[in-house]
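What's in input18.csv: CSV, C-alpha atoms
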chain,number,residue,atom,x,y,z
N,1,MET,CA,-42.7,3.6,11.3
N,2,SER,CA,-42.8,7.3,12.2
N,3,ARG,CA,-45.9,9.3,12.8
N,4,TYR,CA,-45.3,11.1,9.4
N,5,ASP,CA,-45.2,7.7,7.6
N,6,VAL,CA,-48.4,6.5,9.3
N,7,GLU,CA,-50.3,9.7,8.4
N,8,THR,CA,-49.0,9.5,4.8
N,9,LEU,CA,-50.0,5.9,4.5
N,10,VAL,CA,-53.5,6.7,5.8
N,11,ARG,CA,-53.9,9.7,3.5
N,12,ASP,CA,-52.8,7.7,0.4
N,13,THR,CA,-55.0,4.7,1.4
N,14,PHE,CA,-58.1,6.9,1.8
N,15,LEU,CA,-57.4,8.5,-1.5
N,16,SER,CA,-57.5,5.1,-3.1
N,17,HIS,CA,-60.8,4.2,-1.4
N,18,GLU,CA,-62.5,7.6,-1.5
N,19,ALA,CA,-64.7,6.6,-4.5
N,20,GLU,CA,-66.2,3.7,-2.5
N,21,ALA,CA,-67.8,5.9,0.1
N,22,ASP,CA,-71.4,7.1,-0.2
N,23,GLU,CA,-72.6,10.6,0.6
N,24,GLY,CA,-72.9,9.7,4.3
N,25,GLY,CA,-69.2,9.0,4.4
N,26,GLY,CA,-68.3,12.5,3.1
N,27,ASP,CA,-64.8,13.4,2.0
N,28,LEU,CA,-62.7,10.8,3.8
N,29,THR,CA,-59.4,12.4,3.0
N,30,GLY,CA,-60.5,15.8,4.2
N,31,ALA,CA,-62.1,14.3,7.3
N,32,VAL,CA,-58.8,12.6,8.2
N,33,ARG,CA,-56.8,15.7,7.6
N,34,ALA,CA,-59.1,17.8,9.7
N,35,ARG,CA,-59.2,15.2,12.4
N,36,VAL,CA,-55.4,14.9,12.5
N,37,ALA,CA,-55.1,18.7,12.7
N,38,ARG,CA,-57.6,18.9,15.6
N,39,ARG,CA,-55.9,16.1,17.5
N,40,ARG,CA,-52.5,17.7,16.9
N,41,ARG,CA,-53.7,20.9,18.5
N,42,ARG,CA,-55.3,19.0,21.4
N,43,ALA,CA,-52.2,16.9,21.9
N,44,ARG,CA,-50.0,19.9,22.1
N,45,ALA,CA,-52.3,21.3,24.8
N,46,ALA,CA,-52.4,18.1,26.7
N,47,GLY,CA,-48.8,17.1,26.1
N,48,ALA,CA,-49.8,13.9,24.3
N,49,GLY,CA,-48.2,13.8,20.9
N,50,ALA,CA,-49.4,10.4,19.9
N,51,ALA,CA,-53.1,11.4,19.9
N,52,ALA,CA,-53.2,12.0,16.2
N,53,VAL,CA,-52.1,8.5,15.4
N,54,ALA,CA,-54.3,6.9,18.1
N,55,VAL,CA,-57.5,8.4,16.8
N,56,LEU,CA,-56.9,6.8,13.4
N,57,VAL,CA,-56.7,3.4,14.9
N,58,THR,CA,-59.7,3.8,17.1
N,59,ALA,CA,-61.8,5.4,14.4
N,60,GLY,CA,-62.1,2.2,12.5
N,61,VAL,CA,-59.5,2.6,9.8
N,62,VAL,CA,-57.5,-0.6,10.6
N,63,PRO,CA,-58.7,-2.3,7.4
N,64,ALA,CA,-57.3,0.6,5.4
N,65,LEU,CA,-54.0,0.5,7.2
N,66,THR,CA,-53.6,-3.3,6.6
N,67,GLY,CA,-54.8,-3.2,3.0
N,68,GLU,CA,-57.9,-5.3,3.8
N,69,ARG,CA,-60.8,-4.2,1.6
N,70,PRO,CA,-64.1,-3.7,3.7
N,71,ALA,CA,-66.9,-6.0,2.7
N,72,ARG,CA,-70.0,-4.6,1.1
N,73,PRO,CA,-72.0,-2.6,3.7
N,74,SER,CA,-74.8,-4.6,5.3
N,75,ALA,CA,-77.9,-2.9,6.7
N,76,VAL,CA,-78.8,-3.1,10.4
N,77,ASP,CA,-82.5,-3.9,10.8
N,78,THR,CA,-83.5,-1.4,13.5
N,79,ALA,CA,-87.2,-2.1,12.9
N,80,ALA,CA,-86.6,-5.7,13.9
N,81,GLU,CA,-84.9,-4.4,17.1
N,82,ASP,CA,-87.8,-2.2,17.8
N,83,ARG,CA,-90.2,-5.1,17.5
N,84,ALA,CA,-88.1,-7.1,19.9
N,85,ALA,CA,-88.2,-4.4,22.5
N,86,THR,CA,-89.2,-5.3,26.0
N,87,ALA,CA,-89.8,-3.4,29.2
N,88,ASP,CA,-86.4,-4.4,30.6
N,89,TRP,CA,-84.5,-2.4,28.0
N,90,ARG,CA,-84.3,1.4,27.5
N,91,TRP,CA,-83.0,3.9,25.0
N,92,GLU,CA,-80.1,6.2,25.6
N,93,SER,CA,-79.2,9.2,23.4
N,94,SER,CA,-76.1,11.2,22.7
N,95,LEU,CA,-74.4,13.0,19.8
N,96,GLY,CA,-77.2,12.2,17.3
N,97,ALA,CA,-77.1,8.4,18.0
N,98,GLU,CA,-79.1,6.1,20.2
N,99,ILE,CA,-78.5,2.7,21.7
N,100,ARG,CA,-80.7,0.3,23.8
N,101,VAL,CA,-79.3,-0.9,27.1
N,102,PRO,CA,-80.7,-3.1,29.9
N,103,ALA,CA,-83.1,-1.0,32.0
N,104,HIS,CA,-81.3,-1.7,35.3
N,105,TRP,CA,-77.9,-0.3,34.1
N,106,ALA,CA,-76.6,2.8,35.8
N,107,VAL,CA,-75.6,6.0,34.0
N,108,ASN,CA,-72.1,7.4,33.8
N,109,ASP,CA,-70.6,5.0,36.4
N,110,SER,CA,-67.2,5.1,34.8
N,111,GLY,CA,-63.8,6.8,35.3
N,112,CYS,CA,-62.8,8.1,38.7
N,113,GLY,CA,-64.3,6.0,41.5
N,114,MET,CA,-66.2,3.7,39.2
N,115,THR,CA,-67.9,0.6,40.6
N,116,ASP,CA,-68.3,-2.9,39.0
N,117,ALA,CA,-71.9,-2.2,38.3
N,118,PRO,CA,-73.0,-2.2,34.6
N,119,SER,CA,-73.4,1.3,33.1
N,120,VAL,CA,-74.1,3.2,30.0
N,121,VAL,CA,-71.8,6.2,29.5
N,122,ARG,CA,-72.9,9.3,27.6
N,123,GLY,CA,-72.5,13.1,27.8
N,124,LYS,CA,-69.9,13.1,30.6
N,125,THR,CA,-68.5,16.6,31.1
N,126,VAL,CA,-67.3,17.7,34.5
N,127,GLU,CA,-65.8,14.9,36.6
N,128,ARG,CA,-63.1,14.3,39.2
N,129,ALA,CA,-59.6,13.7,37.9
N,130,CYS,CA,-58.2,10.4,39.1
N,131,TRP,CA,-57.4,6.9,37.7
N,132,SER,CA,-59.6,4.0,38.6
N,133,PRO,CA,-59.0,0.7,36.7
N,134,GLU,CA,-62.0,-0.8,35.0
N,135,PRO,CA,-63.0,-4.0,36.7
N,136,ALA,CA,-62.5,-7.0,34.5
N,137,ASP,CA,-66.1,-8.0,34.8
N,138,LYS,CA,-67.7,-4.6,34.3
N,139,GLU,CA,-70.3,-4.3,31.6
N,140,ILE,CA,-70.3,-1.0,29.8
N,141,ALA,CA,-71.6,0.8,26.7
N,142,VAL,CA,-70.1,4.1,25.8
N,143,LEU,CA,-71.5,6.7,23.3
N,144,ASP,CA,-68.8,9.2,22.3
N,145,GLN,CA,-67.2,10.9,19.4
N,146,TRP,CA,-64.7,8.1,18.9
N,147,PRO,CA,-64.7,4.5,20.1
N,148,MET,CA,-62.7,3.4,23.1
N,149,GLU,CA,-59.9,0.9,22.3
N,150,PRO,CA,-61.9,-2.3,21.7
N,151,SER,CA,-59.1,-4.7,22.6
N,152,GLN,CA,-56.4,-4.9,25.3
N,153,PRO,CA,-52.7,-5.5,24.7
N,154,GLY,CA,-52.2,-9.2,23.8
N,155,GLY,CA,-55.9,-9.6,22.9
N,156,ALA,CA,-57.1,-11.5,19.9
N,157,GLY,CA,-57.8,-9.5,16.7
N,158,PHE,CA,-61.2,-8.0,16.2
N,159,VAL,CA,-63.2,-8.9,13.1
N,160,GLN,CA,-64.1,-5.6,11.3
N,161,ARG,CA,-66.7,-5.1,8.6
N,162,ALA,CA,-68.4,-2.2,6.8
N,163,VAL,CA,-72.0,-1.7,7.7
N,164,ASP,CA,-74.8,0.6,6.8
N,165,VAL,CA,-76.4,2.6,9.6
N,166,GLY,CA,-79.5,4.5,8.4
N,167,GLY,CA,-77.9,5.0,5.0
N,168,VAL,CA,-74.6,6.1,6.4
N,169,LEU,CA,-71.3,4.2,6.1
N,170,ALA,CA,-70.0,2.8,9.4
N,171,VAL,CA,-67.4,0.3,10.6
N,172,ARG,CA,-68.3,-2.5,13.0
N,173,ALA,CA,-65.7,-4.5,15.0
N,174,GLU,CA,-66.3,-7.4,17.3
N,175,GLY,CA,-64.2,-9.8,19.3
N,176,ARG,CA,-63.3,-11.1,22.8
N,177,LEU,CA,-61.0,-9.5,25.3
N,178,PRO,CA,-58.4,-11.4,27.3
N,179,ASP,CA,-60.5,-11.0,30.4
N,180,GLY,CA,-63.3,-13.0,28.8
N,181,ARG,CA,-65.7,-10.1,28.0
N,182,PHE,CA,-67.3,-9.8,24.6
N,183,ALA,CA,-66.6,-6.4,23.1
N,184,GLY,CA,-67.4,-4.4,20.0
N,185,THR,CA,-67.7,-1.0,18.4
N,186,VAL,CA,-69.7,0.7,15.7
N,187,THR,CA,-68.0,3.8,14.3
N,188,VAL,CA,-69.6,6.4,12.1
N,189,SER,CA,-66.6,8.6,11.2
N,190,GLY,CA,-68.7,10.9,8.9
N,191,ARG,CA,-70.9,11.8,11.9
N,192,GLN,CA,-68.1,11.7,14.6
N,193,VAL,CA,-70.1,9.3,16.8
N,194,ALA,CA,-69.4,5.7,17.9
N,195,VAL,CA,-70.5,3.1,20.5
N,196,THR,CA,-68.1,0.9,22.4
N,197,VAL,CA,-69.6,-2.1,24.2
N,198,ARG,CA,-68.0,-4.6,26.7
N,199,THR,CA,-70.2,-7.2,28.4
N,200,ARG,CA,-69.9,-10.7,29.9
N,201,ASP,CA,-72.5,-12.1,27.5
N,202,GLU,CA,-72.1,-12.3,23.7
N,203,ALA,CA,-75.8,-11.9,23.0
N,204,THR,CA,-76.0,-8.7,25.2
N,205,THR,CA,-73.0,-7.1,23.4
N,206,ARG,CA,-74.5,-8.0,20.0
N,207,ARG,CA,-77.9,-6.7,20.9
N,208,ILE,CA,-76.6,-3.3,22.0
N,209,LEU,CA,-74.5,-3.0,18.8
N,210,ASP,CA,-77.5,-4.0,16.7
N,211,SER,CA,-79.6,-1.3,18.3
N,212,PHE,CA,-77.2,1.6,17.4
N,213,ARG,CA,-79.0,4.1,15.2
N,214,LEU,CA,-78.7,7.6,14.0
N,215,VAL,CA,-81.6,10.0,14.7
N,216,GLU,CA,-82.5,13.7,14.2
N,217,THR,CA,-85.0,13.5,17.0
N,218,ASP,CA,-84.3,11.1,19.8
N,219,HIS,CA,-86.6,8.8,21.9
N,220,ALA,CA,-87.3,11.7,24.3
N,221,GLY,CA,-88.4,14.0,21.5
N,222,CYS,CA,-85.2,16.1,21.8
N,223,PRO,CA,-83.6,17.5,18.6
N,224,THR,CA,-80.2,16.0,18.4
N,225,ARG,CA,-78.7,19.3,17.1
N,226,LEU,CA,-79.4,22.8,18.2
N,227,VAL,CA,-82.5,24.2,16.4
N,228,PRO,CA,-83.6,27.8,16.4
N,229,VAL,CA,-86.1,28.5,19.2
N,230,ALA,CA,-87.4,32.1,19.3
N,231,PRO,CA,-86.5,33.8,22.5
N,232,ALA,CA,-88.8,36.1,24.4
N,233,PRO,CA,-88.5,39.8,23.4
N,234,LEU,CA,-86.1,41.9,25.5
N,235,PRO,CA,-87.7,44.6,27.7
N,236,GLY,CA,-88.9,47.5,25.4
N,237,GLN,CA,-89.3,45.3,22.4
N,238,LYS,CA,-92.8,44.7,20.9
N,239,SER,CA,-94.2,41.3,21.3
N,240,PRO,CA,-97.2,39.7,19.4
N,241,GLY,CA,-97.7,37.3,22.3
N,242,PRO,CA,-98.2,37.6,26.1
N,243,PRO,CA,-96.5,40.3,28.1
N,244,THR,CA,-92.8,39.8,28.6
N,245,ALA,CA,-92.7,41.0,32.2
N,246,GLN,CA,-95.1,39.2,34.4
N,247,THR,CA,-96.1,40.2,37.9
N,248,THR,CA,-96.6,37.5,40.6
N,249,GLU,CA,-100.4,37.9,40.1
N,250,ASP,CA,-100.0,37.4,36.3
N,251,ARG,CA,-98.0,34.2,36.9
N,252,LYS,CA,-100.8,32.9,39.1
N,253,ARG,CA,-103.3,33.3,36.3
N,254,THR,CA,-100.8,32.3,33.5
N,255,PRO,CA,-98.2,29.9,34.7
N,256,PHE,CA,-94.7,29.8,33.1
N,257,VAL,CA,-95.4,26.2,32.0
N,258,PRO,CA,-98.5,24.0,32.3
N,259,SER,CA,-98.8,22.9,35.9
N,260,ASP,CA,-100.0,19.3,35.1
N,261,PRO,CA,-97.8,18.2,32.1
N,262,SER,CA,-98.0,14.7,30.7
N,263,SER,CA,-94.3,14.8,30.4
N,264,ILE,CA,-91.2,17.0,30.4
N,265,SER,CA,-88.2,16.1,28.2
N,266,VAL,CA,-84.8,17.6,29.3
N,267,CYS,CA,-82.4,18.0,26.4
N,268,SER,CA,-78.9,18.8,27.4
N,269,TYR,CA,-76.5,20.4,24.9
N,270,GLY,CA,-73.9,22.2,27.1
N,271,SER,CA,-71.9,25.2,26.0
N,272,LEU,CA,-68.2,24.7,25.3
N,273,ASP,CA,-66.3,21.4,25.0
N,274,PRO,CA,-63.0,20.9,26.9
N,275,TYR,CA,-61.1,22.5,23.9
N,276,GLY,CA,-63.2,25.7,23.9
N,277,GLU,CA,-65.3,24.7,20.8
N,278,ARG,CA,-69.0,25.3,20.9
N,279,ARG,CA,-71.1,22.2,21.1
N,280,ASP,CA,-74.1,21.9,18.8
N,281,ARG,CA,-75.1,18.3,19.4
N,282,ILE,CA,-77.1,16.8,22.2
N,283,GLU,CA,-75.1,15.3,25.1
N,284,ALA,CA,-77.9,13.5,26.9
N,285,SER,CA,-81.7,13.5,27.3
N,286,ALA,CA,-84.3,12.3,29.7
N,287,ARG,CA,-88.1,12.2,29.7
N,288,LEU,CA,-89.9,12.8,33.0
N,289,THR,CA,-93.5,11.7,33.5
N,290,GLY,CA,-96.0,11.4,36.4
N,291,ALA,CA,-95.0,13.0,39.7
N,292,GLU,CA,-91.5,13.8,38.5
N,293,ALA,CA,-92.8,15.9,35.6
N,294,VAL,CA,-95.4,17.7,37.9
N,295,ALA,CA,-92.7,18.4,40.5
N,296,LEU,CA,-90.4,20.0,37.9
N,297,ALA,CA,-93.2,22.1,36.4
N,298,ALA,CA,-94.0,23.4,39.9
N,299,ALA,CA,-90.4,24.4,40.4
N,300,LEU,CA,-90.4,26.2,37.1
N,301,ASN,CA,-93.6,28.0,37.9
N,302,ALA,CA,-92.2,29.1,41.3
N,303,ALA,CA,-89.2,30.8,39.6
N,304,ARG,CA,-89.0,34.5,40.0
N,305,PRO,CA,-90.3,36.4,36.9
N,306,GLY,CA,-87.6,38.0,34.7
N,307,GLY,CA,-84.3,36.7,33.5
N,308,ASN,CA,-81.1,36.6,35.6
N,309,PRO,CA,-79.0,39.8,35.6
N,310,ALA,CA,-76.1,39.8,33.1
N,311,PRO,CA,-72.8,39.1,34.7
N,312,PRO,CA,-70.7,42.2,35.3
N,313,GLY,CA,-68.4,43.2,32.4
N,314,LEU,CA,-70.3,41.4,29.7
N,315,ALA,CA,-71.8,43.4,26.8
N,316,CYS,CA,-75.0,41.5,26.0
N,317,ALA,CA,-76.5,41.5,22.5
N,318,ARG,CA,-79.8,40.2,21.3
N,319,PRO,CA,-80.4,36.6,22.4
N,320,ASP,CA,-79.3,34.0,19.9
N,321,PRO,CA,-82.1,31.6,18.8
N,322,VAL,CA,-79.7,28.7,19.0
N,323,GLY,CA,-77.9,30.0,22.1
N,324,TYR,CA,-79.0,27.7,24.9
N,325,GLU,CA,-77.5,25.0,27.0
N,326,ALA,CA,-80.6,22.9,27.7
N,327,LEU,CA,-84.1,22.7,26.2
N,328,LEU,CA,-87.2,21.6,28.1
N,329,LEU,CA,-90.1,20.2,26.1
N,330,VAL,CA,-93.2,20.5,28.3
N,331,ARG,CA,-96.1,18.5,26.9
N,332,HIS,CA,-99.8,19.1,28.0
N,333,GLN,CA,-103.0,18.0,26.2
N,334,GLY,CA,-101.3,17.7,22.8
N,335,ASP,CA,-99.5,21.0,23.1
N,336,GLU,CA,-95.8,21.5,23.7
N,337,VAL,CA,-94.0,24.5,25.4
N,338,TRP,CA,-90.3,24.8,24.6
N,339,VAL,CA,-88.2,26.4,27.4
N,340,ARG,CA,-84.7,27.5,26.8
N,341,VAL,CA,-82.3,27.2,29.7
N,342,ASN,CA,-79.0,29.1,30.1
N,343,TRP,CA,-76.7,29.3,33.0
N,344,ASN,CA,-73.6,30.9,31.3
N,345,GLY,CA,-73.2,33.9,29.2
N,346,CYS,CA,-75.5,37.0,29.0
N,347,THR,CA,-79.1,35.9,28.7
N,348,ARG,CA,-79.1,33.5,31.7
N,349,GLY,CA,-82.3,32.1,33.0
N,350,LEU,CA,-85.4,30.4,31.6
N,351,ASP,CA,-87.2,31.6,28.5
N,352,ASN,CA,-90.5,30.1,27.2
N,353,GLY,CA,-90.6,32.3,24.1
N,354,ALA,CA,-93.1,34.7,25.7
N,355,SER,CA,-91.5,35.6,29.1
N,356,ARG,CA,-88.4,34.9,31.2
N,357,ALA,CA,-87.8,33.6,34.7
N,358,GLN,CA,-84.8,33.4,36.9
N,359,LEU,CA,-82.6,30.4,37.3
N,360,THR,CA,-81.2,29.4,40.7
N,361,MET,CA,-78.8,26.7,41.7
N,362,SER,CA,-81.5,24.6,43.2
N,363,LEU,CA,-83.6,24.8,40.1
N,364,LEU,CA,-80.6,24.0,37.9
N,365,ARG,CA,-80.0,20.9,40.0
N,366,ASN,CA,-83.6,19.9,39.5
N,367,ILE,CA,-83.4,20.3,35.8
N,368,MET,CA,-80.0,18.7,35.2
N,369,GLY,CA,-80.2,16.0,37.9
N,370,PRO,CA,-81.8,13.4,35.5
N,371,MET,CA,-78.9,13.9,33.1
N,372,LYS,CA,-76.1,12.7,35.5
N,373,THR,CA,-73.6,14.5,33.3
N,374,GLY,CA,-72.3,17.4,35.3
N,375,TYR,CA,-72.1,21.0,34.3
N,376,SER,CA,-69.9,24.0,34.8
N,377,LEU,CA,-70.7,27.7,35.7
N,378,SER,CA,-68.8,30.7,34.5
N,379,HIS,CA,-70.6,32.9,37.0
N,380,ASP,CA,-72.5,32.2,40.2
N,381,LEU,CA,-76.2,31.8,40.3
N,382,PRO,CA,-78.4,32.6,43.3
N,383,ASP,CA,-79.2,29.8,45.7
Reformat the file's structure so that it appears as structure tokens.
Amino acid sequence: MSRYDVETLVRDTFLSHEAEADEGGGDLTGAVRARVARRRRRARAAGAGAAAVAVLVTAGVVPALTGERPARPSAVDTAAEDRAATADWRWESSLGAEIRVPAHWAVNDSGCGMTDAPSVVRGKTVERACWSPEPADKEIAVLDQWPMEPSQPGGAGFVQRAVDVGGVLAVRAEGRLPDGRFAGTVTVSGRQVAVTVRTRDEATTRRILDSFRLVETDHAGCPTRLVPVAPAPLPGQKSPGPPTAQTTEDRKRTPFVPSDPSSISVCSYGSLDPYGERRDRIEASARLTGAEAVALAAALNAARPGGNPAPPGLACARPDPVGYEALLLVRHQGDEVWVRVNWNGCTRGLDNGASRAQLTMSLLRNIMGPMKTGYSLSHDLPD
């Protein structure tokens, strides 16, 4: 069957089932058309003409292709999962979804140079380009826009069923791989987010899949989409709050952030995806407490007052309230200070809504280190 025939079959199939989707599913036909168009553009850029067909298979539309009618969506009891939580499991967040994984699992140990250690994968951006085969006994859970292929060539078929995730239609698939691992996916096509799980234990795979949930604010307190955060006024603008340009003595009296925070959440959004499109969803998050939070606060307070100079050749306009690459939520005695962080574009540096401070490479490493995601710079920062 040609690619044209497959796309026509998928379009006609979704038209026949479109009335069965709730509001969370959205316009399935339009979504498929848009997704195919995007994948065609990306495939031409990457030289992979089969990407448009592959995404349809991995996005959980196999029941539609085969004519199988999905079962009535069944709700996932996330409240029961919360009640069953123990100290040896933790939450991980990306793209407006969260999963719970064993606390000892690594982060982003996949792809080039991966080990056989268990790992959660989320928010990967910059990484080395090489091919490392996945060990047959590796345990892994991946949060991404689309699920990874759940089976391997020659593997048994995966049982698929429609499920309800927080009132949104999703597709869940489970089965066993030829290497013996238990695998599964949950795909929410309407939100462009999915989890793929492969472990050696059926109960572990099922528990991770059961924990999958959609959130507007994640476990670290981070908004899962960019929200407007008022920037500090530019020099010369009137401000109803503290002065925008602080001297060193001013900073001693009024630190940039509280020096003894109870916690600092780091929310990483990034700037542009590999295809040049602006990201507006969270890539990863982490919540620092204790000595880690105090150390980061000290590094922020030691930053030089005033934002980084604009890169040469860029005409900088008024700061965009949703134009930031990371957000820091600094909590202290019931209050919360939001700090915008930018390392690309015009208004680079730190911004707490009242004043600005300069960003250096060492400070950026301190901020982004807990993410373990990588980041890219369009222009150099001072050391």
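Across the structure, atom CA of Ala230 of chain N and atom CA of Leu329 of chain N are spaced 14.0 Å apart.
Using all atoms listed in the file, the smallest distance between any of N:Ala220, N:Val266, N:Val322, N:Leu327 and Asn366 of chain N comes from N:Val266.
For Leu350 of chain N, the residues within 8 Å (counting all atoms listed in the file, excluding itself and residues fewer than 4 positions away along the chain) are Gly307, Val339, Arg340, Val341, Asn342, Arg356, Ala357, Gln358 and Leu359 of chain N.
For the point (-73.5, -10.7, 24.8), the residues with an atom at a distance of at most 12 Å are N:Val101, N:Pro102, N:Glu139, N:Ile140, N:Ala141, N:Glu174, N:Gly175, N:Arg176, N:Gly180, N:Arg181, N:Phe182, N:Ala183, N:Gly184, N:Val197, N:Arg198, N:Thr199, N:Arg200, N:Asp201, N:Glu202, N:Ala203, N:Thr204, N:Thr205, N:Arg206, N:Arg207, N:Ile208, N:Leu209, N:Asp210, counting only C-alpha atoms.
The nearest approach to Arg331 of chain N among the residues N:Ser94, N:Ser262, N:Ser378, N:Ser268, with all atoms listed in the file taken into account, belongs to N:Ser262.
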_One decimal, in Å: what's the spacing between atom CA of Asp218 of chain N and atom CA of Asp88 of chain N?_
19.0 Å
_Polymer residues at most 10 Å from Ala291 of chain N, all atoms listed in the file, same-chain spacing of 5 or more positions, as a PyMOL selection string_ = chain N and resi 260-263+296-297
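Going from atom CA of Ala298 of chain N over to atom CA of Arg279 of chain N, you cover 29.7 Å.
Summary of the local environment: counting all atoms listed in the file, residues at most 7 Å from Ala170 of chain N, other than itself and those fewer than 2 positions away along its chain, are N:Ala162, N:Val163, N:Asp164, N:Val165, N:Val168, N:Arg172, N:Val186, N:Thr187, N:Val188, N:Ser189.
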